[in-house]
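Input: a single structure, listed below in structure tokens.
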Amino acid sequence: MKGFLSGLLRLRRGPWELLASGLIGLGVFMLMQPFVLWAFTWSFLVTLTGTVMFIITSHFPE
Amino acid sequence: MPDTPIDRLARATPSSLARRARGLSDRAIAWVFVTPTILLLLAINIFPLIWTVRLSFTNFAANKPNAEVKWVGLRNYQRILTDPDIWQTMQATAHFLFWTLLLQVVLGFALAWLINRKFRGNDLMTTLIVIPMMLSPAVVGNFWTFLYEPQIGLFNYAVEFFAGIPASSFSMLGSVALAPWAIVIVDTWMWTPFVMLICLAGLRSIPDYIYEAAEVDRASKWRQFWTMTVPMVLPFLMLAVLFRGIENFKMFDLVVQLTGGGPGSTTLLTSIELKREAFEKWRTGYSSAYAIILFVTVFGLASIYVKALNKVKER
């Protein structure tokens with residue numbers, strides 16, 4: 001956890017990509033879940049944030 | 001020396017042009033070859049994508065080209081993402097995606113595992129298994145509609161034979177509970193051979209000496225399977241899931257032919273709903289926003305998936 005946080009602070013690719021992947025996964029789950037409409041409503045914003053973050057952070061140093 | 005078409009072409013090239021071409025650097029020649037492809041990609045991929053993004057913020061309707069186009073901001077996105085009917089289509093798509101991928105991976109791998117063994121008629125069996133994926137989705141949809149007929153369908157009679165449920169007591173395509181499974185069965189029947197072929201390529205790429213070494217070390221078949229076969233086939237399997245996942249997310253033809261999205265909206269997948277909005281209701285701006293939402297979802301998923309695939313390959 002400490003390594004993950006320090007990686008985030010030092011703008012390292014691994015932890016940032018992990019965070020972006022988590023956001024994309026969460027967004028897709030929110031889009032397709034059958035439980036609450038508000039999660040569906042906000043799903044696109046979460047997926048878009050994750051996708052843009054993924055594109056940017058994949059250019060960060062290892 | 002024979003006079004080839006290349007020689008004739010070289011002779012026909014104007015000398016001024018030939019002189020200019022001879023003076024080109026390697027880098028310039030590379031650009032000359034690559035430019036048409038880049039231009040084509042820009043024209044048929046990038047430009048329509050940017051244009052769709054622009055349209056998604058307007059109320060443009062393609063059947064009213066002369067009507068005034070108004071900028072509506074994020075209203076199209078807001079309407080889509082608060083619409084319970086679209087939410088329902090997303091759930092139908094999720095059900096279809098999850099079960100088709102799961103069944104195709106399990107059955108495809110199992111078939112590949114069996115076909116990989118040496119036996120008489122191996123090639124014939126492979127050819128027979130692969131036939132469904134060679135057929136047109138329209139043809140498959142049509143004949144499965146007949147197979148699912150409650151009165152004359154072979155499928156219902158097979159269920160009666162094996163499970164004892166009367167053939168005419170249920171309709172796979174007409175029942176709200178069964179229709180989502182009917183499309184899963186047909187897609188699995190059609191595309192399992194594709195997953196099988198990819199898995200087979202993976203299984204055949206594993207050298208025999210690895211298994212021989214494991215035998216010498218007295219590793220059980222079960223252990224060989226989980227510690228050698230599965231990890232070595234995993235990149236191939238992931239590739240198959242990526243291809244099938246993207247394809248099934250935009251599944252259209254097969255389902256339209258089978259159920260047309262019905263009964264009600266139980267098999268109304270996102271691509272069918274998108275087509276209706278775009279080309280039946282002619283809400284081009286709205287459907288562009290819908291398409292962008294689907295694009296971002298698939299793009300995001302594919303990005304993390306390709307990353308995971310590369311990690312597995314590096315191991």
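Chain identifiers are assigned as A, B, and so on, following the order in which chains appear in the structure tokens; residues are numbered from 1 within each chain, and ligands are numbered from 1 in order of appearance.
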
Listing only residues of chain A within 12 Å of chain B, what is the closest atom pair and its distance in Å (to one decimal) for each, using only C-alpha atoms, sorted by chain and residue number ascending, as a tab-separated table?
```
residue	atom	partner	partner_atom	distance
A:Gly14	CA	B:Lys307	CA	11.0
A:Glu17	CA	B:Ile304	CA	8.6
A:Leu18	CA	B:Ile304	CA	9.1
A:Leu19	CA	B:Ile304	CA	11.0
A:Ala20	CA	B:Ile304	CA	8.7
A:Ser21	CA	B:Ile304	CA	6.0
A:Gly22	CA	B:Ile304	CA	9.3
A:Leu23	CA	B:Gly300	CA	9.6
A:Ile24	CA	B:Gly300	CA	6.1
A:Gly25	CA	B:Leu301	CA	7.3
A:Leu26	CA	B:Leu301	CA	10.7
A:Gly27	CA	B:Thr297	CA	8.2
A:Val28	CA	B:Thr297	CA	6.6
A:Phe29	CA	B:Ala94	CA	9.3
A:Met30	CA	B:Trp87	CA	10.2
A:Leu31	CA	B:Met90	CA	7.0
A:Met32	CA	B:Gln91	CA	5.2
A:Gln33	CA	B:Gln91	CA	6.6
A:Pro34	CA	B:Gln91	CA	6.3
A:Phe35	CA	B:Gln91	CA	10.1
A:Val36	CA	B:Trp87	CA	9.8
A:Leu37	CA	B:Thr82	CA	7.3
A:Trp38	CA	B:Thr82	CA	7.9
A:Ala39	CA	B:Leu81	CA	9.5
A:Phe40	CA	B:Leu81	CA	6.5
A:Thr41	CA	B:Leu81	CA	4.6
A:Trp42	CA	B:Leu81	CA	7.6
A:Ser43	CA	B:Leu81	CA	8.3
A:Phe44	CA	B:Ile293	CA	6.6
A:Leu45	CA	B:Ile293	CA	9.5
A:Val46	CA	B:Thr297	CA	10.1
A:Thr47	CA	B:Thr297	CA	6.5
A:Leu48	CA	B:Val296	CA	6.4
A:Thr49	CA	B:Gly300	CA	9.7
A:Gly50	CA	B:Gly300	CA	7.4
A:Thr51	CA	B:Gly300	CA	5.0
A:Val52	CA	B:Gly300	CA	8.6
A:Met53	CA	B:Gly300	CA	10.1
A:Phe54	CA	B:Ser303	CA	7.9
A:Ile55	CA	B:Ser303	CA	8.5
A:Ser58	CA	B:Lys307	CA	9.7
```

Please list as a CSV table (one decimal) with C-alpha atoms, in the first residue's frame every residue within 12 Å of B:Pro132, counting only C-alpha atoms and excluding residues in the same chain fewer than 6 positions away.
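Written file, part-v8.csv:
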```csv
chain,number,residue,atom,x,y,z
B,126,THR,CA,-11.8,-30.4,-36.8
B,139,VAL,CA,-28.4,-18.2,-42.3
B,140,VAL,CA,-27.7,-19.4,-38.8
B,141,GLY,CA,-30.4,-17.1,-37.4
B,143,PHE,CA,-32.3,-22.1,-39.4
B,144,TRP,CA,-32.2,-21.8,-35.6
B,186,VAL,CA,-27.0,-19.9,-30.8
B,187,ASP,CA,-24.0,-17.6,-30.4
B,188,THR,CA,-22.2,-20.3,-28.4
B,189,TRP,CA,-22.9,-22.9,-31.1
B,190,MET,CA,-21.6,-20.6,-33.8
B,191,TRP,CA,-18.5,-19.2,-32.2
B,192,THR,CA,-17.2,-21.9,-29.9
B,193,PRO,CA,-15.1,-23.3,-32.8
B,194,PHE,CA,-13.4,-20.0,-33.1
```

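The neighbours of stretch 165-179 of chain B here are the residues that come within 9 Å of it, using only C-alpha atoms and leaving out any residue fewer than 3 positions away in the same chain; they are Thr145, Tyr148, Glu149, Pro150, Gln151, Ile152, Gly153, Phe155, Asn156, Tyr157, Ala158, Val159, Glu160, Phe161, Phe162, Ala182, Ile183, Val184, Leu258, Thr259, Gly262, Pro263, Gly264, Ser265, Thr266 and Thr267 of chain B.
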
Output file for the residues above (C-alpha atoms, as a CSV table (one decimal), in the first residue's frame):
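For reference, out-v5.csv as written:
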```csv
chain,number,residue,atom,x,y,z
B,145,THR,CA,-35.5,-20.0,-35.8
B,148,TYR,CA,-36.6,-23.4,-32.0
B,149,GLU,CA,-40.2,-23.9,-33.4
B,150,PRO,CA,-42.3,-25.3,-30.6
B,151,GLN,CA,-44.3,-27.5,-32.9
B,152,ILE,CA,-41.8,-28.7,-35.5
B,153,GLY,CA,-38.4,-27.7,-34.0
B,155,PHE,CA,-34.4,-28.4,-30.4
B,156,ASN,CA,-37.7,-28.7,-28.5
B,157,TYR,CA,-37.9,-32.4,-29.4
B,158,ALA,CA,-34.3,-32.9,-28.2
B,159,VAL,CA,-35.3,-31.3,-24.9
B,160,GLU,CA,-38.4,-33.5,-24.7
B,161,PHE,CA,-36.2,-36.6,-25.4
B,162,PHE,CA,-33.6,-35.8,-22.8
B,182,ALA,CA,-31.9,-18.9,-26.8
B,183,ILE,CA,-29.5,-16.2,-28.3
B,184,VAL,CA,-26.7,-17.3,-25.9
B,258,LEU,CA,-33.6,-14.7,-34.2
B,259,THR,CA,-35.8,-12.5,-31.9
B,262,GLY,CA,-38.1,-9.4,-28.4
B,263,PRO,CA,-40.2,-10.6,-26.7
B,264,GLY,CA,-40.8,-7.2,-25.3
B,265,SER,CA,-37.2,-5.9,-24.9
B,266,THR,CA,-35.7,-8.9,-23.2
B,267,THR,CA,-33.1,-9.5,-26.0
```

List the spatial neighbours of stretch 238-252 of chain B as a ChimeraX atom specification - criterion: any atom at most 8 Å away, only C-alpha atoms, same-chain residues fewer than 4 positions off excluded. /B:93,96-97,101,105,194-195,198,234,256,269-272,298,302,305,309

Check the DSSP output for the backbone and give back, as an MDAnalysis selection string, the residues of chain A in helix (DSSP H, G or I). chainID A and resid 2:9 13:32 37:57

Store the residues of this selection in a file with N, CA and C atoms, as a tab-separated table (two decimals), in the first residue's frame.
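What follows is the written file again_37.tsv:
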```tsv
chain	number	residue	atom	x	y	z
A	2	LYS	N	1.97	1.18	0.83
A	2	LYS	CA	2.86	2.33	0.94
A	2	LYS	C	3.56	2.59	-0.41
A	3	GLY	N	3.99	1.45	-1.05
A	3	GLY	CA	4.64	1.54	-2.35
A	3	GLY	C	3.69	2.09	-3.40
A	4	PHE	N	2.43	1.68	-3.31
A	4	PHE	CA	1.41	2.15	-4.25
A	4	PHE	C	1.23	3.66	-4.12
A	5	LEU	N	1.12	4.13	-2.87
A	5	LEU	CA	0.91	5.57	-2.64
A	5	LEU	C	2.13	6.38	-3.07
A	6	SER	N	3.33	5.85	-2.77
A	6	SER	CA	4.53	6.61	-3.15
A	6	SER	C	4.67	6.62	-4.68
A	7	GLY	N	4.24	5.52	-5.33
A	7	GLY	CA	4.23	5.48	-6.81
A	7	GLY	C	3.29	6.52	-7.38
A	8	LEU	N	2.16	6.69	-6.73
A	8	LEU	CA	1.19	7.71	-7.19
A	8	LEU	C	1.80	9.10	-7.06
A	9	LEU	N	2.45	9.34	-5.91
A	9	LEU	CA	3.02	10.67	-5.66
A	9	LEU	C	4.16	10.98	-6.62
A	13	ARG	N	4.12	4.86	-13.61
A	13	ARG	CA	3.10	4.28	-14.49
A	13	ARG	C	2.23	3.19	-13.81
A	14	GLY	N	2.92	2.25	-13.12
A	14	GLY	CA	2.22	1.09	-12.55
A	14	GLY	C	1.00	1.45	-11.71
A	15	PRO	N	1.19	2.20	-10.61
A	15	PRO	CA	0.05	2.49	-9.75
A	15	PRO	C	-1.03	3.35	-10.42
A	16	TRP	N	-0.59	4.27	-11.27
A	16	TRP	CA	-1.58	5.12	-11.96
A	16	TRP	C	-2.41	4.31	-12.94
A	17	GLU	N	-1.75	3.38	-13.64
A	17	GLU	CA	-2.50	2.51	-14.57
A	17	GLU	C	-3.47	1.62	-13.81
A	18	LEU	N	-3.02	1.17	-12.64
A	18	LEU	CA	-3.88	0.33	-11.81
A	18	LEU	C	-5.13	1.11	-11.39
A	19	LEU	N	-4.91	2.36	-11.01
A	19	LEU	CA	-6.02	3.21	-10.59
A	19	LEU	C	-6.98	3.45	-11.77
A	20	ALA	N	-6.39	3.73	-12.95
A	20	ALA	CA	-7.22	3.99	-14.14
A	20	ALA	C	-8.00	2.73	-14.53
A	21	SER	N	-7.33	1.58	-14.45
A	21	SER	CA	-8.02	0.31	-14.78
A	21	SER	C	-9.17	0.06	-13.82
A	22	GLY	N	-8.92	0.36	-12.54
A	22	GLY	CA	-9.97	0.19	-11.53
A	22	GLY	C	-11.17	1.08	-11.85
A	23	LEU	N	-10.90	2.30	-12.28
A	23	LEU	CA	-11.99	3.23	-12.62
A	23	LEU	C	-12.78	2.72	-13.82
A	24	ILE	N	-12.06	2.22	-14.84
A	24	ILE	CA	-12.75	1.69	-16.04
A	24	ILE	C	-13.63	0.51	-15.65
A	25	GLY	N	-13.04	-0.40	-14.87
A	25	GLY	CA	-13.80	-1.59	-14.42
A	25	GLY	C	-15.04	-1.19	-13.64
A	26	LEU	N	-14.86	-0.22	-12.74
A	26	LEU	CA	-15.98	0.26	-11.92
A	26	LEU	C	-17.06	0.89	-12.82
A	27	GLY	N	-16.60	1.68	-13.80
A	27	GLY	CA	-17.54	2.34	-14.72
A	27	GLY	C	-18.35	1.34	-15.53
A	28	VAL	N	-17.68	0.30	-16.02
A	28	VAL	CA	-18.39	-0.71	-16.82
A	28	VAL	C	-19.38	-1.48	-15.94
A	29	PHE	N	-18.95	-1.78	-14.71
A	29	PHE	CA	-19.87	-2.46	-13.79
A	29	PHE	C	-21.10	-1.58	-13.52
A	30	MET	N	-20.84	-0.28	-13.29
A	30	MET	CA	-21.95	0.65	-13.02
A	30	MET	C	-22.90	0.73	-14.22
A	31	LEU	N	-22.32	0.65	-15.42
A	31	LEU	CA	-23.13	0.74	-16.65
A	31	LEU	C	-24.06	-0.46	-16.80
A	32	MET	N	-23.59	-1.63	-16.39
A	32	MET	CA	-24.34	-2.85	-16.70
A	32	MET	C	-25.02	-3.49	-15.49
A	37	LEU	N	-30.30	2.90	-10.54
A	37	LEU	CA	-30.24	3.74	-11.75
A	37	LEU	C	-29.17	4.83	-11.63
A	38	TRP	N	-28.96	5.35	-10.42
A	38	TRP	CA	-27.99	6.44	-10.29
A	38	TRP	C	-26.58	5.97	-10.69
A	39	ALA	N	-26.27	4.70	-10.41
A	39	ALA	CA	-24.95	4.16	-10.78
A	39	ALA	C	-24.83	4.13	-12.31
A	40	PHE	N	-25.92	3.76	-12.98
A	40	PHE	CA	-25.94	3.77	-14.45
A	40	PHE	C	-25.73	5.19	-14.97
A	41	THR	N	-26.37	6.15	-14.32
A	41	THR	CA	-26.27	7.55	-14.75
A	41	THR	C	-24.83	8.06	-14.69
A	42	TRP	N	-24.12	7.70	-13.63
A	42	TRP	CA	-22.76	8.22	-13.46
A	42	TRP	C	-21.69	7.33	-14.09
A	43	SER	N	-22.10	6.19	-14.66
A	43	SER	CA	-21.13	5.22	-15.16
A	43	SER	C	-20.25	5.79	-16.28
A	44	PHE	N	-20.86	6.54	-17.19
A	44	PHE	CA	-20.09	7.03	-18.34
A	44	PHE	C	-18.98	7.97	-17.90
A	45	LEU	N	-19.31	8.83	-16.93
A	45	LEU	CA	-18.31	9.78	-16.44
A	45	LEU	C	-17.12	9.03	-15.82
A	46	VAL	N	-17.43	7.98	-15.06
A	46	VAL	CA	-16.37	7.20	-14.40
A	46	VAL	C	-15.52	6.48	-15.46
A	47	THR	N	-16.20	5.86	-16.45
A	47	THR	CA	-15.45	5.13	-17.51
A	47	THR	C	-14.59	6.10	-18.32
A	48	LEU	N	-15.17	7.24	-18.67
A	48	LEU	CA	-14.43	8.23	-19.47
A	48	LEU	C	-13.21	8.74	-18.70
A	49	THR	N	-13.40	9.04	-17.42
A	49	THR	CA	-12.27	9.50	-16.59
A	49	THR	C	-11.18	8.43	-16.56
A	50	GLY	N	-11.59	7.19	-16.35
A	50	GLY	CA	-10.63	6.09	-16.30
A	50	GLY	C	-9.90	5.92	-17.62
A	51	THR	N	-10.64	6.00	-18.72
A	51	THR	CA	-10.03	5.79	-20.05
A	51	THR	C	-9.03	6.90	-20.37
A	52	VAL	N	-9.43	8.15	-20.13
A	52	VAL	CA	-8.52	9.28	-20.40
A	52	VAL	C	-7.29	9.16	-19.50
A	53	MET	N	-7.53	8.82	-18.23
A	53	MET	CA	-6.42	8.67	-17.27
A	53	MET	C	-5.47	7.56	-17.75
A	54	PHE	N	-6.04	6.46	-18.26
A	54	PHE	CA	-5.24	5.33	-18.73
A	54	PHE	C	-4.34	5.76	-19.90
A	55	ILE	N	-4.93	6.52	-20.84
A	55	ILE	CA	-4.16	6.97	-22.01
A	55	ILE	C	-3.00	7.86	-21.56
A	56	ILE	N	-3.29	8.77	-20.63
A	56	ILE	CA	-2.25	9.70	-20.18
A	56	ILE	C	-1.18	8.96	-19.36
A	57	THR	N	-1.64	8.13	-18.40
A	57	THR	CA	-0.67	7.53	-17.48
A	57	THR	C	0.18	6.43	-18.13
```
